[in-house]
Structures are given as structure tokens and as C-alpha cells.
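Structure file run09.pdb with PDB, C-alpha atoms:
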ATOM      1  CA  MET A   1       3.283  17.444 -14.013
ATOM      2  CA  ASP A   2       1.042  15.227 -16.136
ATOM      3  CA  ASP A   3      -2.279  14.310 -14.521
ATOM      4  CA  ASN A   4      -2.519  11.150 -16.653
ATOM      5  CA  GLY A   5      -6.094  12.007 -17.691
ATOM      6  CA  LEU A   6      -7.479  10.763 -14.370
ATOM      7  CA  PRO A   7     -10.882  12.116 -13.213
ATOM      8  CA  LYS A   8     -10.771  15.037 -10.767
ATOM      9  CA  ASP A   9     -14.392  15.117  -9.624
ATOM     10  CA  ARG A  10     -14.919  11.754  -7.927
ATOM     11  CA  VAL A  11     -13.257   8.791  -6.274
ATOM     12  CA  TYR A  12     -12.316   5.769  -8.378
ATOM     13  CA  ILE A  13      -9.984   2.783  -8.254
ATOM     14  CA  THR A  14      -7.124   2.493 -10.735
ATOM     15  CA  GLU A  15      -5.761  -0.809 -12.019
ATOM     16  CA  ALA A  16      -2.423  -0.139 -10.298
ATOM     17  CA  ARG A  17      -4.220   0.513  -6.985
ATOM     18  CA  LYS A  18      -6.144  -2.778  -7.241
ATOM     19  CA  SER A  19      -2.889  -4.723  -7.138
ATOM     20  CA  TYR A  20      -1.226  -2.795  -4.276
ATOM     21  CA  VAL A  21       0.480  -4.987  -1.675
ATOM     22  CA  ASP A  22       1.159  -4.013   1.977
ATOM     23  CA  GLY A  23       4.461  -2.216   2.348
ATOM     24  CA  THR A  24       5.160  -1.671  -1.358
ATOM     25  CA  LEU A  25       5.528   2.013  -0.410
ATOM     26  CA  ARG A  26       7.180   3.550   2.637
ATOM     27  CA  LEU A  27       6.207   6.942   4.017
ATOM     28  CA  LYS A  28       9.083   8.998   5.405
ATOM     29  CA  ILE A  29       8.664  12.314   7.191
ATOM     30  CA  PRO A  30      12.138  13.167   8.503
ATOM     31  CA  LYS A  31      11.000  16.167  10.572
ATOM     32  CA  LEU A  32       8.753  13.825  12.588
ATOM     33  CA  ASP A  33      11.043  10.757  12.595
ATOM     34  CA  VAL A  34       8.331   8.854  10.714
ATOM     35  CA  ASP A  35       9.480   5.952   8.533
ATOM     36  CA  VAL A  36       6.661   3.430   8.127
ATOM     37  CA  PRO A  37       5.328   0.994   5.551
ATOM     38  CA  VAL A  38       2.115   2.035   3.806
ATOM     39  CA  LEU A  39      -0.403  -0.736   4.367
ATOM     40  CA  ASN A  40      -3.202  -1.743   2.001
ATOM     41  CA  GLY A  41      -6.490  -0.179   3.131
ATOM     42  CA  THR A  42      -7.938   2.045   5.796
ATOM     43  CA  ASP A  43     -10.123  -0.304   7.849
ATOM     44  CA  ALA A  44      -9.873  -0.162  11.651
ATOM     45  CA  ASP A  45      -7.556  -3.175  11.995
ATOM     46  CA  THR A  46      -5.148  -1.859   9.351
ATOM     47  CA  LEU A  47      -4.936   1.600  10.943
ATOM     48  CA  LEU A  48      -4.176   0.054  14.332
ATOM     49  CA  ARG A  49      -1.095  -1.476  12.674
ATOM     50  CA  GLY A  50       0.038   1.751  10.964
ATOM     51  CA  VAL A  51      -0.853   4.009   8.029
ATOM     52  CA  GLY A  52      -2.987   2.792   5.145
ATOM     53  CA  LEU A  53      -3.496   3.586   1.479
ATOM     54  CA  TYR A  54      -7.052   4.628   0.649
ATOM     55  CA  GLU A  55      -8.872   2.287  -1.698
ATOM     56  CA  TYR A  56      -9.413   5.327  -3.943
ATOM     57  CA  ALA A  57      -5.790   6.505  -3.866
ATOM     58  CA  GLN A  58      -3.502   6.463  -6.841
ATOM     59  CA  LEU A  59       0.119   5.348  -6.740
ATOM     60  CA  PRO A  60       2.985   7.797  -7.271
ATOM     61  CA  SER A  61       4.088   5.963 -10.409
ATOM     62  CA  GLU A  62       0.753   6.804 -12.087
ATOM     63  CA  GLY A  63       1.763  10.390 -12.941
ATOM     64  CA  GLY A  64      -0.274  13.256 -11.541
ATOM     65  CA  ALA A  65      -1.370  10.938  -8.758
ATOM     66  CA  ASN A  66      -2.879  11.849  -5.410
ATOM     67  CA  VAL A  67      -1.395   9.237  -3.089
ATOM     68  CA  SER A  68      -3.913   9.387  -0.233
ATOM     69  CA  ILE A  69      -2.930   7.838   3.093
ATOM     70  CA  ALA A  70      -4.860   7.633   6.371
ATOM     71  CA  GLY A  71      -3.441   7.141   9.838
ATOM     72  CA  HIS A  72      -4.204   7.630  13.503
ATOM     73  CA  ARG A  73      -2.869  10.547  15.519
ATOM     74  CA  ASN A  74      -3.057   8.833  18.863
ATOM     75  CA  GLY A  75      -3.326   5.532  20.599
ATOM     76  CA  LEU A  76      -4.847   4.635  23.952
ATOM     77  CA  ARG A  77      -3.066   2.924  26.799
ATOM     78  CA  GLY A  78      -4.777   2.458  30.147
ATOM     79  CA  GLY A  79      -7.453   4.933  29.104
ATOM     80  CA  GLN A  80      -4.821   7.600  28.413
ATOM     81  CA  ILE A  81      -4.135   9.162  25.013
ATOM     82  CA  THR A  82      -0.645   8.360  23.711
ATOM     83  CA  ASP A  83       1.457  10.010  20.995
ATOM     84  CA  ASN A  84       2.799   6.717  19.611
ATOM     85  CA  MET A  85       0.967   6.788  16.283
ATOM     86  CA  PRO A  86       2.639   8.003  13.053
ATOM     87  CA  PHE A  87       0.392  11.038  12.456
ATOM     88  CA  TYR A  88       0.321  12.473  16.001
ATOM     89  CA  TYR A  89       2.430  15.508  15.065
ATOM     90  CA  ILE A  90       1.523  16.005  11.370
ATOM     91  CA  ASN A  91      -0.165  19.281  12.269
ATOM     92  CA  THR A  92       3.353  20.671  12.879
ATOM     93  CA  LEU A  93       4.424  20.279   9.238
ATOM     94  CA  THR A  94       4.827  23.642   7.583
ATOM     95  CA  GLU A  95       6.369  25.573   4.712
ATOM     96  CA  GLY A  96       9.626  24.047   3.532
ATOM     97  CA  ASP A  97       9.074  20.579   5.064
ATOM     98  CA  TYR A  98       9.576  17.466   2.948
ATOM     99  CA  LEU A  99       7.637  14.217   2.910
ATOM    100  CA  TYR A 100       8.737  11.148   0.947
ATOM    101  CA  LEU A 101       7.241   8.047  -0.567
ATOM    102  CA  VAL A 102       9.680   5.308  -1.484
ATOM    103  CA  ASP A 103       9.080   2.203  -3.584
ATOM    104  CA  ASP A 104      11.498  -0.453  -4.797
ATOM    105  CA  GLN A 105      12.908   1.841  -7.510
ATOM    106  CA  THR A 106      12.128   5.488  -6.782
ATOM    107  CA  ILE A 107      12.207   8.137  -4.066
ATOM    108  CA  TYR A 108       9.318  10.599  -4.488
ATOM    109  CA  GLN A 109       9.987  13.918  -2.764
ATOM    110  CA  TYR A 110       7.008  16.061  -1.765
ATOM    111  CA  LEU A 111       7.059  19.602  -0.386
ATOM    112  CA  TRP A 112       4.455  20.577   2.233
ATOM    113  CA  GLU A 113       1.719  22.538   0.520
ATOM    114  CA  CYS A 114      -1.131  22.999   3.003
ATOM    115  CA  THR A 115      -2.888  21.800   6.120
ATOM    116  CA  GLN A 116      -6.645  22.052   6.524
ATOM    117  CA  VAL A 117      -9.466  20.792   8.732
ATOM    118  CA  ILE A 118     -12.501  19.306   6.992
ATOM    119  CA  GLU A 119     -15.742  17.524   7.811
ATOM    120  CA  PRO A 120     -15.415  13.727   8.138
ATOM    121  CA  ASP A 121     -17.665  13.099   5.120
ATOM    122  CA  ASP A 122     -15.692  15.363   2.735
ATOM    123  CA  TRP A 123     -13.927  13.110   0.202
ATOM    124  CA  THR A 124     -12.629  15.912  -2.067
ATOM    125  CA  PRO A 125      -9.096  15.945  -0.566
ATOM    126  CA  ILE A 126      -8.480  12.439  -1.925
ATOM    127  CA  PHE A 127      -9.783  13.259  -5.412
ATOM    128  CA  ASN A 128      -7.123  13.622  -8.098
ATOM    129  CA  GLN A 129      -5.828  17.185  -7.709
ATOM    130  CA  GLY A 130      -4.486  17.537 -11.249
ATOM    131  CA  TYR A 131      -0.842  17.260 -10.156
ATOM    132  CA  GLY A 132       1.304  14.779  -8.254
ATOM    133  CA  CYS A 133       0.754  14.990  -4.509
ATOM    134  CA  VAL A 134       0.571  13.033  -1.281
ATOM    135  CA  THR A 135      -2.430  13.599   0.989
ATOM    136  CA  LEU A 136      -2.314  12.511   4.618
ATOM    137  CA  THR A 137      -5.554  12.360   6.589
ATOM    138  CA  THR A 138      -6.218  11.774  10.258
ATOM    139  CA  CYS A 139      -8.798  12.589  12.893
ATOM    140  CA  THR A 140      -8.820  15.879  14.761
ATOM    141  CA  PRO A 141      -8.931  17.080  17.439
ATOM    142  CA  ILE A 142      -6.890  14.427  19.196
ATOM    143  CA  GLY A 143      -9.113  12.241  21.333
ATOM    144  CA  VAL A 144     -12.356  13.654  19.874
ATOM    145  CA  ALA A 145     -12.112  12.957  16.148
ATOM    146  CA  ASP A 146     -15.152  14.896  14.956
ATOM    147  CA  HIS A 147     -13.229  16.386  12.010
ATOM    148  CA  ARG A 148     -10.387  15.386   9.685
ATOM    149  CA  LEU A 149      -6.971  16.977   9.466
ATOM    150  CA  VAL A 150      -5.581  16.947   5.938
ATOM    151  CA  VAL A 151      -1.925  17.579   5.121
ATOM    152  CA  ARG A 152      -0.872  17.759   1.474
ATOM    153  CA  GLY A 153       2.541  17.805  -0.149
ATOM    154  CA  GLU A 154       3.232  18.521  -3.810
ATOM    155  CA  LEU A 155       5.556  16.241  -5.762
ATOM    156  CA  VAL A 156       8.699  18.277  -6.483
ATOM    157  CA  ALA A 157      11.310  15.667  -7.446
ATOM    158  CA  THR A 158      11.979  11.990  -8.023
ATOM    159  CA  TYR A 159      15.278  10.198  -7.485
ATOM    160  CA  PRO A 160      16.454   6.671  -8.238
ATOM    161  CA  LEU A 161      16.358   4.586  -5.063
ATOM    162  CA  SER A 162      19.721   4.861  -3.312
ATOM    163  CA  GLU A 163      20.949   3.822   0.134
ATOM    164  CA  GLU A 164      22.983   7.054   0.233
ATOM    165  CA  TYR A 165      20.070   9.463  -0.306
ATOM    166  CA  PRO A 166      20.047  11.747   2.803
ATOM    167  CA  TYR A 167      16.258  12.488   2.994
ATOM    168  CA  PRO A 168      16.541  16.155   3.985
ATOM    169  CA  SER A 169      13.789  17.175   6.397
ATOM    170  CA  ASP A 170      13.264  20.574   4.818
ATOM    171  CA  THR A 171      14.516  22.959   2.165
ATOM    172  CA  SER A 172      17.143  24.456   4.509
ATOM    173  CA  LYS A 173      18.847  21.035   4.850
ATOM    174  CA  GLU A 174      19.643  20.531   1.154
TER     175      GLU A 174
END

Mind turning this structure into C-alpha cells?
Amino acid sequence: MDDNGLPKDRVYITEARKSYVDGTLRLKIPKLDVDVPVLNGTDADTLLRGVGLYEYAQLPSEGGANVSIAGHRNGLRGGQITDNMPFYYINTLTEGDYLYLVDDQTIYQYLWECTQVIEPDDWTPIFNQGYGCVTLTTCTPIGVADHRLVVRGELVATYPLSEEYPYPSDTSKE
């Protein structure tokens, strides 16, 4: 897929990203029963409300974009770790699993590509990768958060938005 001539060696903010509005995109991960709006930003307050689009992310409509989204894996209730956050189980995504981004016109289908653990100051996973992808980041291990878990999916198809689209969870469900 076209990388749209975007830089691949640094973070930057595109014009389309500057005008992003909360909830313009939805993230769907059928295997995990995740269907959440993508909020604007990754500050602490935003991530307590859900998943957020990095300031340096691109949008899927930009061609060759790396749509980078952060979210929490766990919450806390009464001093106990809970699994009620959208990214709690993203480490279970594997070969054949689909992830989706949906806007007001298009369904973007991504196929799980890799999962890796990185240092918290490593920004390279959200750089443009030279192809269309979605990159999900969260803290790991759960409750400690001294590293980052990165899950990436490669854009494999786009479909016109349709209420009837079945959102298969993996390649065996098509």
C-alpha cells in the first residue's frame, strides 16, 4: 500500500491528525469483545475514559498510515487490579486475528502482525511503518507498567461502512 510519502524516522503531526475529534474512529476487536470510540489524545484523564489516539498518529484515510492508539490494560477498584479496561487481553491476539477501525464511511480491516515488549521511552513503534497499520500500545506487565506492550495489525482490506458487515474475529470466520 502507498505510504503517502510520510516520514518513517521520527514522530510528526499531520494536518488530518490536528483536526481529529473524539470518537471519529471506533476500534473493534471481535475476539476480545472490544468496541470502543477512539478518543483524542493519550493524557491520563483521556486514558481513564478509554483508548486514545496518539498526537503523532496518522489516520487510516491518510494511506500508508500508522494509526497508533494507547490504552490501559487494567483498572483499580478497592486497591485490586481489574480487567475492565479495553486492552487487558490484547496480549492474547495472535496469527489470524482481525482488528478494525471504523469511521463514518469506511471499515478498515487489519490482520494481527506481531506483539512485542519495548522500553517505555521507545517511540519507534508509532513511527510510520511504510504501510497501513494499526499499532496498539499499553503498559506491561499488568500492575507494574515498567515496559510497553505493542500489538500491530497490517491493513488488509477496506469496506464501505455497512450495518450488515459481520466483523469476523479471525481468518477462520470468513

* Near-Tyr108 in chain A list (6 Å; only C-alpha atoms; drop same-chain fewer than 5 positions) as a ChimeraX atom specification -> /A:100-101,158

Using all atoms listed in the file, which residues of range 99-142 of chain A come within 10 Å of range 81-88 of chain A, and what is the closest atom pair for each, with the distance in Å to one decimal? Give it as a Markdown table, sorted by chain and residue number.
| residue | atom | partner | partner_atom | distance |
| --- | --- | --- | --- | --- |
| A:Leu136 | CA | A:Phe87 | CA | 8.4 |
| A:Thr137 | CA | A:Phe87 | CA | 8.5 |
| A:Thr138 | CA | A:Phe87 | CA | 7.0 |
| A:Cys139 | CA | A:Phe87 | CA | 9.3 |
| A:Thr140 | CA | A:Tyr88 | CA | 9.8 |
| A:Ile142 | CA | A:Tyr88 | CA | 8.1 |

Store the residues picked out above, limited to C-alpha atoms, as a short mmCIF file (atom, residue, chain, number, x, y, z; two decimals), keeping the file's coordinate frame.
data_model
loop_
_atom_site.label_atom_id
_atom_site.label_comp_id
_atom_site.auth_asym_id
_atom_site.auth_seq_id
_atom_site.Cartn_x
_atom_site.Cartn_y
_atom_site.Cartn_z
CA LEU A 136 -2.31 12.51 4.62
CA THR A 137 -5.55 12.36 6.59
CA THR A 138 -6.22 11.77 10.26
CA CYS A 139 -8.80 12.59 12.89
CA THR A 140 -8.82 15.88 14.76
CA ILE A 142 -6.89 14.43 19.20
#

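The coordinates place CA of Asn91 in chain A at 12.3 Å from CA of Ile29 in chain A.
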
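Put simply, the PyMOL selection byres ((chain A and resi 44-51) around 7) on this file hits Val38, Leu39, Gly41, Thr42, Asp43, Gly52, Ile69, Ala70, Gly71 and His72 of chain A.
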
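Matched in the shown structure by the PyMOL selection byres ((chain A and resi 94) around 12): Ile29, Lys31, Leu32, Tyr89, Ile90, Asn91, Thr92, Leu93, Glu95, Gly96, Asp97, Tyr98, Leu99, Leu111, Trp112, Glu113, Cys114, Thr115, Gln116, Val151, Arg152, Gly153, Ser169, Asp170 and Thr171 of chain A.
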
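Among A:Gly78, A:Gly63, A:Gly143, A:Pro160, the residue with the shortest atom-to-atom distance to Gly130 in chain A, counting only C-alpha atoms, is A:Gly63.
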
* To do: Name the residues that the PyMOL selection byres ((chain A and resi 161) around 10) pulls out of this structure, and write them as a PyMOL selection string.
  => chain A and resi 102-108+158-160+162-165

* **12 Å contact set for Tyr20 in chain A, only C-alpha atoms, chain neighbours under 5 positions out, as a ChimeraX atom specification** => /A:13-15,25,38-41,52-61,103

* What is the CA of Glu154 in chain A-CA of Phe127 in chain A distance in Å, reported with one decimal? -> 14.1 Å
